[in-house]
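Step one of this worksheet: look at the structure below.
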Amino acid sequence: VQLQASGGGLVQAGDSLKLSCAASGRPLSMYVMGWFRQAPGKEREFVAAINKSAYITKYADSVRGRFTTSRDNSNNRVYLQMNSLKAEDTAVYSCAAASSIYGPSGYGYANQYDYWGQGTLVTVSS
């Protein structure tokens, strides 16, 4: 499966932004989907994940209550709605797909994901 994230841009603190991840090559419904981000000079970190049926969602503590992930399997897309953005949310955001996730805490580990898309840059000015 090929993944392409889009929707990034420059916004002000407190603004909202919605990222989209388009999948091609295989049905999105086959995969658990995750969002990760990497800020300049920092390691990649988990942001959010959603299971194949959208029944389970997981969030990093730093974004819980502000970000929401969703999916539209019929259109092969996953979304990340980001509200109340902060300067510390500035990063390149990437989507990733996993055939399976092992263990309830596995959603947050990048090594559980098999496919990665190119990221989209989100810059939040304070």
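Identifiers for the structure tokens are assigned positionally: chains receive A, B, ... in sequence, residues are indexed from 1 per chain, and ligands are indexed from 1 in the order shown.
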
May I have the residues within 9 Å of Tyr109 of chain A as number ranges by chain, using only C-alpha atoms and disregarding those fewer than 4 positions away in the same chain? A: 45-46, 105, 113

Could you name the residues that touch segment 62-66 of chain A at 9 Å or less, counting only C-alpha atoms, but leaving out those on the same chain fewer than 2 positions away, as JSON, numbers by chain? {"A": [47, 48, 58, 59, 60, 68, 81, 82, 83, 84, 85, 89]}

Can you write out the residues you just picked, keeping all heavy atoms, as a compact mmCIF listing (two decimals), in the first residue's frame?
# COMPACT_ATOMS: atom_id res chain seq x y z
N VAL A 47 1.44 9.94 17.64
CA VAL A 47 0.40 10.94 17.82
C VAL A 47 -0.96 10.29 18.05
O VAL A 47 -1.63 10.55 19.05
CB VAL A 47 0.32 11.89 16.60
CG1 VAL A 47 -0.83 12.87 16.76
CG2 VAL A 47 1.65 12.61 16.41
N ALA A 48 -1.38 9.44 17.10
CA ALA A 48 -2.71 8.84 17.19
C ALA A 48 -2.75 7.59 16.33
O ALA A 48 -1.92 7.40 15.43
CB ALA A 48 -3.77 9.83 16.73
N LYS A 58 -6.45 5.57 19.66
CA LYS A 58 -5.44 5.80 20.67
C LYS A 58 -4.80 7.16 20.42
O LYS A 58 -4.64 7.57 19.29
CB LYS A 58 -4.35 4.71 20.62
CG LYS A 58 -4.86 3.29 20.83
CD LYS A 58 -5.20 3.04 22.27
CE LYS A 58 -5.55 1.57 22.49
NZ LYS A 58 -5.88 1.29 23.91
N TYR A 59 -4.42 7.81 21.51
CA TYR A 59 -3.82 9.14 21.38
C TYR A 59 -2.65 9.28 22.36
O TYR A 59 -2.67 8.74 23.47
CB TYR A 59 -4.84 10.23 21.67
CG TYR A 59 -5.99 10.25 20.70
CD1 TYR A 59 -7.18 9.59 20.99
CD2 TYR A 59 -5.87 10.91 19.47
CE1 TYR A 59 -8.23 9.58 20.08
CE2 TYR A 59 -6.92 10.91 18.57
CZ TYR A 59 -8.08 10.24 18.87
OH TYR A 59 -9.11 10.25 17.98
N ALA A 60 -1.67 10.05 21.93
CA ALA A 60 -0.61 10.44 22.85
C ALA A 60 -1.20 11.40 23.87
O ALA A 60 -2.13 12.16 23.58
CB ALA A 60 0.52 11.11 22.08
N THR A 68 -8.23 14.44 16.87
CA THR A 68 -9.14 13.32 16.64
C THR A 68 -8.77 12.65 15.32
O THR A 68 -8.67 13.34 14.30
CB THR A 68 -10.60 13.78 16.58
OG1 THR A 68 -10.94 14.46 17.80
CG2 THR A 68 -11.53 12.59 16.40
N GLN A 81 -7.80 15.39 12.68
CA GLN A 81 -8.31 16.73 12.98
C GLN A 81 -7.55 17.26 14.17
O GLN A 81 -7.55 16.65 15.24
CB GLN A 81 -9.81 16.66 13.29
CG GLN A 81 -10.41 17.99 13.71
CD GLN A 81 -10.44 19.00 12.58
OE1 GLN A 81 -10.83 18.69 11.47
NE2 GLN A 81 -10.01 20.23 12.88
N MET A 82 -6.91 18.40 13.98
CA MET A 82 -6.08 18.98 15.03
C MET A 82 -6.67 20.33 15.43
O MET A 82 -6.75 21.25 14.61
CB MET A 82 -4.64 19.15 14.53
CG MET A 82 -4.04 17.86 14.00
SD MET A 82 -2.30 18.05 13.53
CE MET A 82 -2.45 19.19 12.16
N ASN A 83 -7.10 20.42 16.67
CA ASN A 83 -7.67 21.65 17.20
C ASN A 83 -6.77 22.24 18.28
O ASN A 83 -5.91 21.55 18.84
CB ASN A 83 -9.06 21.37 17.78
CG ASN A 83 -10.04 20.87 16.75
OD1 ASN A 83 -9.96 21.21 15.57
ND2 ASN A 83 -10.98 20.04 17.18
N SER A 84 -6.99 23.49 18.56
CA SER A 84 -6.23 24.18 19.62
C SER A 84 -4.73 23.93 19.48
O SER A 84 -4.04 23.56 20.43
CB SER A 84 -6.69 23.70 21.01
OG SER A 84 -8.08 23.93 21.18
N LEU A 85 -4.25 24.15 18.29
CA LEU A 85 -2.85 23.86 18.01
C LEU A 85 -1.92 24.74 18.84
O LEU A 85 -2.23 25.91 19.12
CB LEU A 85 -2.57 24.03 16.52
CG LEU A 85 -3.06 22.86 15.65
CD1 LEU A 85 -3.18 23.27 14.20
CD2 LEU A 85 -2.13 21.67 15.80
N ASP A 89 3.32 21.69 18.64
CA ASP A 89 2.79 20.72 17.68
C ASP A 89 3.50 20.83 16.34
O ASP A 89 3.25 20.01 15.44
CB ASP A 89 1.29 20.93 17.47
CG ASP A 89 0.47 20.63 18.71
OD1 ASP A 89 0.78 19.64 19.41
OD2 ASP A 89 -0.47 21.40 18.99

Calculate how many Å separate atom CA of Ala97 of chain A from atom CA of Gly41 of chain A, rounding to one decimal.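 Going from atom CA of Ala97 of chain A over to atom CA of Gly41 of chain A, I get 24.5 Å.
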
Skip Asn73 of chain A itself and residues of its chain fewer than 6 positions away, then list as a tab-separated table (two decimals) with N, CA and C atoms, in the first residue's frame all residues within 8 Å of it, counting only C-alpha atoms.
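And here is the file that came out, around24.tsv:
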chain	number	residue	atom	x	y	z
A	27	PRO	N	-6.78	-1.97	-0.26
A	27	PRO	CA	-7.85	-1.35	0.54
A	27	PRO	C	-7.35	-0.91	1.91
A	28	LEU	N	-7.71	0.29	2.28
A	28	LEU	CA	-7.31	0.82	3.57
A	28	LEU	C	-7.85	-0.03	4.71
A	29	SER	N	-8.98	-0.69	4.48
A	29	SER	CA	-9.62	-1.48	5.52
A	29	SER	C	-8.76	-2.65	6.01

Quick one: DSSP helix (DSSP H, G or I) residues in segment 60-119 of chain A, as JSON, numbers by chain? {"A": [73, 74, 75, 87, 88, 89, 106, 107, 108, 110, 111, 112]}

Selected residues, N, CA and C atoms, written as a compact mmCIF listing (two decimals), in the first residue's frame, please.
# COMPACT_ATOMS: atom_id res chain seq x y z
N ASN A 73 -13.03 4.17 5.11
CA ASN A 73 -12.50 3.05 4.35
C ASN A 73 -13.03 3.02 2.91
N SER A 74 -14.22 3.52 2.71
CA SER A 74 -14.79 3.50 1.36
C SER A 74 -14.03 4.42 0.42
N ASN A 75 -13.40 5.45 0.98
CA ASN A 75 -12.61 6.38 0.18
C ASN A 75 -11.11 6.22 0.40
N ALA A 87 2.41 25.76 19.60
CA ALA A 87 3.70 25.85 18.92
C ALA A 87 4.44 24.52 18.98
N GLU A 88 4.29 23.80 20.07
CA GLU A 88 4.99 22.52 20.22
C GLU A 88 4.41 21.41 19.35
N ASP A 89 3.32 21.69 18.64
CA ASP A 89 2.79 20.72 17.68
C ASP A 89 3.50 20.83 16.34
N GLY A 106 0.62 -1.55 21.62
CA GLY A 106 1.43 -1.62 20.41
C GLY A 106 1.18 -0.50 19.42
N TYR A 107 0.02 0.14 19.54
CA TYR A 107 -0.33 1.20 18.59
C TYR A 107 0.70 2.32 18.57
N GLY A 108 1.37 2.52 19.66
CA GLY A 108 2.27 3.65 19.77
C GLY A 108 3.70 3.39 19.33
N ALA A 110 6.44 2.66 16.51
CA ALA A 110 6.65 2.82 15.07
C ALA A 110 7.06 1.50 14.42
N ASN A 111 7.74 0.63 15.15
CA ASN A 111 8.21 -0.62 14.54
C ASN A 111 7.08 -1.61 14.30
N GLN A 112 5.87 -1.29 14.73
CA GLN A 112 4.72 -2.15 14.46
C GLN A 112 4.09 -1.83 13.10

Which residues in chain A does DSSP call strand (DSSP E or B)? List them as a PyMOL selection string. chain A and resi 2-6+9-12+17-24+32-38+45-50+57-59+64+67-72+77-82+91-98+115-116+118+120-125

Between atom CA of Ser94 of chain A and atom CA of Val124 of chain A - distance in Å to one decimal: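 According to the coordinates, atom CA of Val124 of chain A and atom CA of Ser94 of chain A are separated by 16.5 Å.
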
Find the residues around Ser24 of chain A up to 10 Å (only C-alpha atoms counted), leave out those fewer than 6 positions away in its own chain, and share them as a PDB file with all heavy atoms, in the first residue's frame.
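Writing the result to selection_5.pdb gives the following:
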ATOM      1  N   VAL A   1       0.848  -1.181   0.000  1.00  0.00           N
ATOM      2  CA  VAL A   1       0.000   0.000   0.000  1.00  0.00           C
ATOM      3  C   VAL A   1       0.889   1.238   0.000  1.00  0.00           C
ATOM      4  O   VAL A   1       1.942   1.253   0.611  1.00  0.00           O
ATOM      5  CB  VAL A   1      -0.944  -0.005   1.220  1.00  0.00           C
ATOM      6  CG1 VAL A   1      -0.185   0.084   2.527  1.00  0.00           C
ATOM      7  CG2 VAL A   1      -1.970   1.114   1.110  1.00  0.00           C
ATOM      8  N   GLN A   2       0.462   2.241  -0.747  1.00  0.00           N
ATOM      9  CA  GLN A   2       1.179   3.520  -0.779  1.00  0.00           C
ATOM     10  C   GLN A   2       0.355   4.558  -0.024  1.00  0.00           C
ATOM     11  O   GLN A   2      -0.866   4.584  -0.135  1.00  0.00           O
ATOM     12  CB  GLN A   2       1.395   3.991  -2.212  1.00  0.00           C
ATOM     13  CG  GLN A   2       2.367   3.122  -3.016  1.00  0.00           C
ATOM     14  CD  GLN A   2       1.711   1.853  -3.525  1.00  0.00           C
ATOM     15  OE1 GLN A   2       0.609   1.887  -4.050  1.00  0.00           O
ATOM     16  NE2 GLN A   2       2.384   0.723  -3.361  1.00  0.00           N
ATOM     17  N   LEU A   3       1.057   5.375   0.726  1.00  0.00           N
ATOM     18  CA  LEU A   3       0.391   6.367   1.573  1.00  0.00           C
ATOM     19  C   LEU A   3       0.904   7.761   1.253  1.00  0.00           C
ATOM     20  O   LEU A   3       2.099   7.945   0.996  1.00  0.00           O
ATOM     21  CB  LEU A   3       0.650   6.063   3.053  1.00  0.00           C
ATOM     22  CG  LEU A   3       0.277   4.669   3.549  1.00  0.00           C
ATOM     23  CD1 LEU A   3       0.766   4.466   4.972  1.00  0.00           C
ATOM     24  CD2 LEU A   3      -1.224   4.465   3.478  1.00  0.00           C
ATOM     25  N   GLN A   4       0.017   8.718   1.293  1.00  0.00           N
ATOM     26  CA  GLN A   4       0.396  10.110   1.048  1.00  0.00           C
ATOM     27  C   GLN A   4      -0.374  11.008   1.991  1.00  0.00           C
ATOM     28  O   GLN A   4      -1.599  11.098   1.902  1.00  0.00           O
ATOM     29  CB  GLN A   4       0.123  10.503  -0.389  1.00  0.00           C
ATOM     30  CG  GLN A   4       0.501  11.944  -0.714  1.00  0.00           C
ATOM     31  CD  GLN A   4       2.000  12.201  -0.582  1.00  0.00           C
ATOM     32  OE1 GLN A   4       2.810  11.533  -1.200  1.00  0.00           O
ATOM     33  NE2 GLN A   4       2.357  13.177   0.266  1.00  0.00           N
ATOM     34  N   ASN A  75     -13.405   5.446   0.978  1.00  0.00           N
ATOM     35  CA  ASN A  75     -12.610   6.376   0.182  1.00  0.00           C
ATOM     36  C   ASN A  75     -11.112   6.223   0.404  1.00  0.00           C
ATOM     37  O   ASN A  75     -10.326   7.036  -0.088  1.00  0.00           O
ATOM     38  CB  ASN A  75     -13.017   7.818   0.481  1.00  0.00           C
ATOM     39  CG  ASN A  75     -14.367   8.162  -0.120  1.00  0.00           C
ATOM     40  OD1 ASN A  75     -14.648   7.812  -1.265  1.00  0.00           O
ATOM     41  ND2 ASN A  75     -15.204   8.843   0.653  1.00  0.00           N
ATOM     42  N   ASN A  76     -10.745   5.191   1.174  1.00  0.00           N
ATOM     43  CA  ASN A  76      -9.322   4.910   1.411  1.00  0.00           C
ATOM     44  C   ASN A  76      -8.584   6.105   2.012  1.00  0.00           C
ATOM     45  O   ASN A  76      -7.463   6.420   1.600  1.00  0.00           O
ATOM     46  CB  ASN A  76      -8.627   4.467   0.118  1.00  0.00           C
ATOM     47  CG  ASN A  76      -8.796   2.988  -0.130  1.00  0.00           C
ATOM     48  OD1 ASN A  76      -9.295   2.243   0.707  1.00  0.00           O
ATOM     49  ND2 ASN A  76      -8.375   2.550  -1.309  1.00  0.00           N
ATOM     50  N   ARG A  77      -9.204   6.731   3.003  1.00  0.00           N
ATOM     51  CA  ARG A  77      -8.585   7.893   3.623  1.00  0.00           C
ATOM     52  C   ARG A  77      -8.665   7.826   5.146  1.00  0.00           C
ATOM     53  O   ARG A  77      -9.644   7.323   5.697  1.00  0.00           O
ATOM     54  CB  ARG A  77      -9.230   9.186   3.135  1.00  0.00           C
ATOM     55  CG  ARG A  77      -8.803   9.582   1.726  1.00  0.00           C
ATOM     56  CD  ARG A  77      -9.359  10.937   1.342  1.00  0.00           C
ATOM     57  NE  ARG A  77      -8.911  11.329   0.008  1.00  0.00           N
ATOM     58  CZ  ARG A  77      -7.808  12.026  -0.219  1.00  0.00           C
ATOM     59  NH1 ARG A  77      -7.066  12.426   0.799  1.00  0.00           N
ATOM     60  NH2 ARG A  77      -7.473  12.338  -1.454  1.00  0.00           N
TER      61      ARG A  77
END

Enter the distance from atom CA of Ser100 of chain A to atom CA of Ala39 of chain A, in Å, rounded to one decimal. 26.7 Å

Name the closest residue to Val92 of chain A among the candidates A:Leu10, A:Ala49, A:Leu19, A:Val122; distances are taken between atoms, counting only C-alpha atoms.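 Between A:Leu10, A:Ala49, A:Leu19, A:Val122, the residue approaching Val92 of chain A most closely is A:Val122.
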
Selected residue of minimal separation from Cys95 of chain A among A:Thr57, A:Ser125, A:Ser20, A:Gln12, counting only C-alpha atoms: A:Ser20
